[in-house]
Structures are given as C-alpha cells and as structure tokens.
Amino acid sequence: MNTATDTTHCDDLAKALEAFRDHAPLIERWGTELARRLGSGARLLVAGNGGSAAQAQHLTAELVGRYREDRPPFSALALHADTSSTTAIANDYGVQELFARQTAAHGRPGDVLLLLSTSGASANLLSAAERAHRLGMTVWALTGRSPNPLRLGADDALCVDAPAAATVQELHLVAVHMLCESFDRAVESGAVADAGADGTPAADGKPGMVGRLVGRARTVGRTPPGGPVAPRKGQA
C-alpha cells in the first residue's frame with residue numbers, strides 16, 4: 001500500500017509565495033493610503049464571491065475590530081454580508097447588480113472599493129468597479145493571474161501568479177494580513193495623524209482625525225490625572 005503523502009498543494013503554494021513577495025511594496029502602499037483615507041473619514045467597501053467573499057469579510061472584521069494591537073475602529077463594509085439586501089437585489093435586478101447597487105448606495109467620492117476574484121472575470125465585480133468609478137471612488141483588485149478583465153477595470157491590482165484557485169485564495173489571505181499590518185503601522189506611526197483629506201499637513205499643526213482617534217483609544221477607560229477614581233463593584 002502506498003502511504004506517501006501528496007504535498008503537491010504545499011509545493012504549489014511555496015512556489016507561488018516566492019513570486020508573491022514582489023508585491024510587498026504595493027501592499028505597503030495600499031495600507032498607508034487606506035489609513036490616510038479612512039483616517040480622513042472615507043470608507044472601504046469590499047466585495048467578492050464564494051471563498052473571496054469570506055476573504056472580504058475577514059478584512060473588514062480586522063479594520064472594524066482590530067488586527068493585533070488595540071486601535072480605533074475604521075469604516076469598512078463587506079457588501080455580501082447583508083443577506084436581505086443581497087437577495088433582494090439579486091431577485092429584483094439580477095446577480096450582476098448585486099455589488100454595483102450597494103456600491104452606489106454606500107460609496108462616496110474618495111472611498112475605496114476593493115474587489116477580490118480568483119478569475120478576475122466575475123460580472124458582478126466588474127459592474128461594481130464601473131459604478132465605483134462613476135462615483136469618483138478608487139478601485140483596487142486582488143485577482144488571480146494577469147491579464148484579466150478586473151485587472152484592466154481597476155485603478156491598481158495585485159495579481160497572484162498561481163494556477164489553482166485555492167492557491168490564489170490562500171495568497172489573498174496573506175495579502176489581507178499584510179495590508180492590515182501596513183495599515184496599523186501607518187496609524188501607529190502617526191504618519192497620517194496630521195494629514196488632511198488630501199494628505200497635506202493640517203495648517204494649524206494640530207493632530208488630524210487619525211491622531212485624535214489614536215489618542216482617544218489609548219485613554220479610554222483610564223482615569224485622568226487628579227480625576228476621581230471610579231468605585232469598584234460592590235462599593236458605594
């Protein structure tokens with residue numbers, strides 16, 4: 001009986017990971033830009049189908065919650081997560097409008113739409129990208145091998161060079177985590193703390209929105225110097 005373990009999947013992942021390393025500067029740039037925009041009041045919308053939908057929701061959970069260290073929450077929505085809206089739109093307007101209509105509802109100029117697709121050819125994501133551009137949003141894409149339609153329809157794209165959809169999705173998760181790391185570094189370093197919505201320093205030199213949020217997060221639940229001490233449970 002042959003008891004050898006098939007490691008083809010691991011071998012394919014390791015090979016694709018080596019090429020994926022070249023995307024690190026792009027992910028770093030995305031994280032810094034996203035911190036600047038969300039810190040100035042913009043919003044991130046994320047969409048994908050199937051496994052890519054799970055990746056999209058993973059990313060928004062990290063931004064609304066936290067990735068590693070505690071920090072303020074930021075506005076990020078996974079467009080597939082509202083099941084009532086998605087089923088109503090699919091029923092009334094067709095699956096192709098699933099994400100485009102939600103993008104029109106929630107997106108504003110300056111917001112970012114991040115689309116995840118292993119094929120880069122999903123019609124509902126391409127429709128969302130087109131709608132986002134009409135609204136003045138920026139479109140980023142995580143896809144499989146290039147060229148693909150979504151790569152051409154996005155302002156910027158990270159295309160994973162791997163033959164299998166499973167490997168592409170695994171590296172998309174790596175990209176999500178690296179994006180969160182870059183985002184948190186930008187917030188923590190204060191690189192965007194004094195920036196206005198256009199990225200220029202505030203004229204008065206006072207901390208911008210990100211700086212104020214980080215300061216607030218660090219003091220929540222703490223007693224200010226000289227302030228009254230809250231009674232413990234059971235004490236009057």
# chains A, B, ... in the order shown; residues from 1 in each chain; ligands from 1
$ closest_atom_pairs --of "stretch 6-86 of chain A" --to "stretch 96-105 of chain A" --cutoff "12 Å" --atoms "only C-alpha atoms" --output "JSON lines"
{"residue": "A:Arg43", "atom": "CA", "partner": "A:Thr103", "partner_atom": "CA", "distance": 11.1}
{"residue": "A:Leu44", "atom": "CA", "partner": "A:Thr103", "partner_atom": "CA", "distance": 10.4}
{"residue": "A:Leu45", "atom": "CA", "partner": "A:Thr103", "partner_atom": "CA", "distance": 7.5}
{"residue": "A:Val46", "atom": "CA", "partner": "A:Phe99", "partner_atom": "CA", "distance": 9.3}
{"residue": "A:Ala47", "atom": "CA", "partner": "A:Phe99", "partner_atom": "CA", "distance": 7.1}
{"residue": "A:Gly48", "atom": "CA", "partner": "A:Phe99", "partner_atom": "CA", "distance": 8.9}
{"residue": "A:Asn49", "atom": "CA", "partner": "A:Phe99", "partner_atom": "CA", "distance": 10.1}
{"residue": "A:Ala53", "atom": "CA", "partner": "A:Phe99", "partner_atom": "CA", "distance": 11.5}
{"residue": "A:Leu77", "atom": "CA", "partner": "A:Thr103", "partner_atom": "CA", "distance": 10.2}
{"residue": "A:Ala78", "atom": "CA", "partner": "A:Phe99", "partner_atom": "CA", "distance": 9.9}
{"residue": "A:Leu79", "atom": "CA", "partner": "A:Phe99", "partner_atom": "CA", "distance": 6.5}
{"residue": "A:His80", "atom": "CA", "partner": "A:Phe99", "partner_atom": "CA", "distance": 7.6}
{"residue": "A:Ala81", "atom": "CA", "partner": "A:Phe99", "partner_atom": "CA", "distance": 11.0}
{"residue": "A:Asp82", "atom": "CA", "partner": "A:Gln102", "partner_atom": "CA", "distance": 9.9}
{"residue": "A:Thr83", "atom": "CA", "partner": "A:Leu98", "partner_atom": "CA", "distance": 10.8}
{"residue": "A:Ser84", "atom": "CA", "partner": "A:Leu98", "partner_atom": "CA", "distance": 11.4}
{"residue": "A:Ser85", "atom": "CA", "partner": "A:Gln102", "partner_atom": "CA", "distance": 8.3}
{"residue": "A:Thr86", "atom": "CA", "partner": "A:Leu98", "partner_atom": "CA", "distance": 6.0}
$ write_last_selection --atoms "C-alpha atoms" --output "short mmCIF file (atom, residue, chain, number, x, y, z; two decimals), in the first residue's frame"
data_model
loop_
_atom_site.label_atom_id
_atom_site.label_comp_id
_atom_site.auth_asym_id
_atom_site.auth_seq_id
_atom_site.Cartn_x
_atom_site.Cartn_y
_atom_site.Cartn_z
CA ARG A 43 -14.89 54.29 3.81
CA LEU A 44 -13.66 50.95 2.48
CA LEU A 45 -16.12 48.75 0.59
CA VAL A 46 -15.05 45.15 -0.13
CA ALA A 47 -16.69 42.50 -2.30
CA GLY A 48 -16.09 39.00 -3.57
CA ASN A 49 -17.94 35.78 -4.43
CA ALA A 53 -16.47 36.80 -0.02
CA LEU A 77 -18.15 47.11 4.80
CA ALA A 78 -18.26 43.67 3.18
CA LEU A 79 -21.00 44.08 0.59
CA HIS A 80 -22.13 40.45 0.59
CA ALA A 81 -22.76 40.34 4.35
CA ASP A 82 -26.22 41.95 4.30
CA THR A 83 -28.19 38.91 3.18
CA SER A 84 -31.52 40.74 2.93
CA SER A 85 -30.08 43.37 0.60
CA THR A 86 -28.13 40.88 -1.50
#
$ select_by_dssp --residues "stretch 27-195 of chain A" --states "helix (DSSP H, G or I)" --output "count of residues only"
93
$ atom_distance --atom1 "atom CA of A:Pro73" --atom2 "atom CA of A:Leu113"
18.1 Å
$ closest_residue --among "A:Ala90, A:Leu179, A:Leu135, A:Cys159" --to "A:Ser117" --atoms "only C-alpha atoms"
A:Cys159
$ closest_residue --among "A:Ala157, A:Thr7, A:Ala56, A:His133" --to "A:Arg145" --atoms "only C-alpha atoms"
A:Ala157
$ residues_around --residues "A:Ala129" --least-positions-apart "4" --cutoff "7 Å" --atoms "only C-alpha atoms" --output "list of chain:residue names"
A:Leu125, A:His133, A:Val139, A:Gly153, A:Ala154
$ write_last_selection --atoms "C-alpha atoms" --output "mmCIF file, in the first residue's frame"
data_model
loop_
_atom_site.group_PDB
_atom_site.id
_atom_site.type_symbol
_atom_site.label_atom_id
_atom_site.label_comp_id
_atom_site.auth_asym_id
_atom_site.auth_seq_id
_atom_site.Cartn_x
_atom_site.Cartn_y
_atom_site.Cartn_z
ATOM 1 C CA LEU A 125 -17.497 42.696 -9.625
ATOM 2 C CA HIS A 133 -15.511 54.913 -10.981
ATOM 3 C CA VAL A 139 -10.903 50.667 -7.217
ATOM 4 C CA GLY A 153 -11.012 47.708 -14.794
ATOM 5 C CA ALA A 154 -9.229 48.620 -11.558
#
$ residues_around --residues "stretch 140-142 of chain A" --least-positions-apart "3" --cutoff "8 Å" --atoms "only C-alpha atoms" --output "list in words"
Val112, Leu113, Leu114, Leu115, Leu116, Ser117, Thr118, Leu150, Arg151, Ala154, Asp155, Asp156, Ala157, Leu158, Cys159, Val160 and His172 of chain A
$ write_last_selection --atoms "N, CA, C and O atoms" --output "PDB file, in the first residue's frame"
ATOM      1  N   VAL A 112     -12.768  53.817  -1.105  1.00  0.00           N
ATOM      2  CA  VAL A 112     -12.041  52.762  -1.820  1.00  0.00           C
ATOM      3  C   VAL A 112     -12.937  51.526  -1.950  1.00  0.00           C
ATOM      4  O   VAL A 112     -13.573  51.111  -0.978  1.00  0.00           O
ATOM      5  N   LEU A 113     -12.982  50.957  -3.130  1.00  0.00           N
ATOM      6  CA  LEU A 113     -13.660  49.674  -3.369  1.00  0.00           C
ATOM      7  C   LEU A 113     -12.590  48.638  -3.666  1.00  0.00           C
ATOM      8  O   LEU A 113     -11.837  48.777  -4.635  1.00  0.00           O
ATOM      9  N   LEU A 114     -12.501  47.618  -2.823  1.00  0.00           N
ATOM     10  CA  LEU A 114     -11.542  46.532  -3.022  1.00  0.00           C
ATOM     11  C   LEU A 114     -12.303  45.288  -3.456  1.00  0.00           C
ATOM     12  O   LEU A 114     -13.211  44.823  -2.756  1.00  0.00           O
ATOM     13  N   LEU A 115     -11.938  44.740  -4.612  1.00  0.00           N
ATOM     14  CA  LEU A 115     -12.633  43.592  -5.184  1.00  0.00           C
ATOM     15  C   LEU A 115     -11.707  42.387  -5.231  1.00  0.00           C
ATOM     16  O   LEU A 115     -10.559  42.506  -5.669  1.00  0.00           O
ATOM     17  N   LEU A 116     -12.201  41.235  -4.782  1.00  0.00           N
ATOM     18  CA  LEU A 116     -11.415  40.012  -4.745  1.00  0.00           C
ATOM     19  C   LEU A 116     -12.025  38.986  -5.689  1.00  0.00           C
ATOM     20  O   LEU A 116     -13.222  38.699  -5.620  1.00  0.00           O
ATOM     21  N   SER A 117     -11.187  38.426  -6.557  1.00  0.00           N
ATOM     22  CA  SER A 117     -11.669  37.432  -7.513  1.00  0.00           C
ATOM     23  C   SER A 117     -10.513  36.568  -7.980  1.00  0.00           C
ATOM     24  O   SER A 117      -9.493  37.094  -8.436  1.00  0.00           O
ATOM     25  N   THR A 118     -10.647  35.253  -7.882  1.00  0.00           N
ATOM     26  CA  THR A 118      -9.576  34.371  -8.355  1.00  0.00           C
ATOM     27  C   THR A 118      -9.481  34.392  -9.876  1.00  0.00           C
ATOM     28  O   THR A 118      -8.397  34.292 -10.439  1.00  0.00           O
ATOM     29  N   LEU A 150     -10.827  42.239 -14.629  1.00  0.00           N
ATOM     30  CA  LEU A 150     -10.871  43.058 -13.414  1.00  0.00           C
ATOM     31  C   LEU A 150      -9.579  43.839 -13.235  1.00  0.00           C
ATOM     32  O   LEU A 150      -9.594  44.986 -12.777  1.00  0.00           O
ATOM     33  N   ARG A 151      -8.464  43.229 -13.619  1.00  0.00           N
ATOM     34  CA  ARG A 151      -7.191  43.945 -13.567  1.00  0.00           C
ATOM     35  C   ARG A 151      -7.250  45.191 -14.441  1.00  0.00           C
ATOM     36  O   ARG A 151      -6.750  46.257 -14.066  1.00  0.00           O
ATOM     37  N   ALA A 154      -9.583  48.054 -12.854  1.00  0.00           N
ATOM     38  CA  ALA A 154      -9.229  48.620 -11.558  1.00  0.00           C
ATOM     39  C   ALA A 154      -8.164  49.701 -11.712  1.00  0.00           C
ATOM     40  O   ALA A 154      -7.417  49.722 -12.699  1.00  0.00           O
ATOM     41  N   ASP A 155      -8.081  50.577 -10.729  1.00  0.00           N
ATOM     42  CA  ASP A 155      -7.027  51.585 -10.719  1.00  0.00           C
ATOM     43  C   ASP A 155      -5.683  50.967 -10.368  1.00  0.00           C
ATOM     44  O   ASP A 155      -4.634  51.446 -10.800  1.00  0.00           O
ATOM     45  N   ASP A 156      -5.713  49.922  -9.564  1.00  0.00           N
ATOM     46  CA  ASP A 156      -4.496  49.228  -9.150  1.00  0.00           C
ATOM     47  C   ASP A 156      -4.884  47.795  -8.813  1.00  0.00           C
ATOM     48  O   ASP A 156      -5.993  47.538  -8.348  1.00  0.00           O
ATOM     49  N   ALA A 157      -3.978  46.855  -9.052  1.00  0.00           N
ATOM     50  CA  ALA A 157      -4.318  45.450  -8.831  1.00  0.00           C
ATOM     51  C   ALA A 157      -3.104  44.644  -8.410  1.00  0.00           C
ATOM     52  O   ALA A 157      -1.979  44.924  -8.817  1.00  0.00           O
ATOM     53  N   LEU A 158      -3.365  43.652  -7.577  1.00  0.00           N
ATOM     54  CA  LEU A 158      -2.368  42.653  -7.198  1.00  0.00           C
ATOM     55  C   LEU A 158      -2.843  41.336  -7.796  1.00  0.00           C
ATOM     56  O   LEU A 158      -3.886  40.806  -7.408  1.00  0.00           O
ATOM     57  N   CYS A 159      -2.097  40.814  -8.757  1.00  0.00           N
ATOM     58  CA  CYS A 159      -2.478  39.591  -9.469  1.00  0.00           C
ATOM     59  C   CYS A 159      -1.560  38.453  -9.041  1.00  0.00           C
ATOM     60  O   CYS A 159      -0.343  38.517  -9.249  1.00  0.00           O
ATOM     61  N   VAL A 160      -2.128  37.436  -8.419  1.00  0.00           N
ATOM     62  CA  VAL A 160      -1.365  36.289  -7.924  1.00  0.00           C
ATOM     63  C   VAL A 160      -1.101  35.317  -9.063  1.00  0.00           C
ATOM     64  O   VAL A 160      -2.031  34.855  -9.733  1.00  0.00           O
ATOM     65  N   HIS A 172      -4.271  35.489  -1.248  1.00  0.00           N
ATOM     66  CA  HIS A 172      -5.100  36.658  -0.979  1.00  0.00           C
ATOM     67  C   HIS A 172      -5.213  36.882   0.527  1.00  0.00           C
ATOM     68  O   HIS A 172      -5.229  38.034   0.992  1.00  0.00           O
TER      69      HIS A 172
END
$ atom_distance --atom1 "atom CA of A:Ser182" --atom2 "atom CA of A:Ala24"
9.9 Å
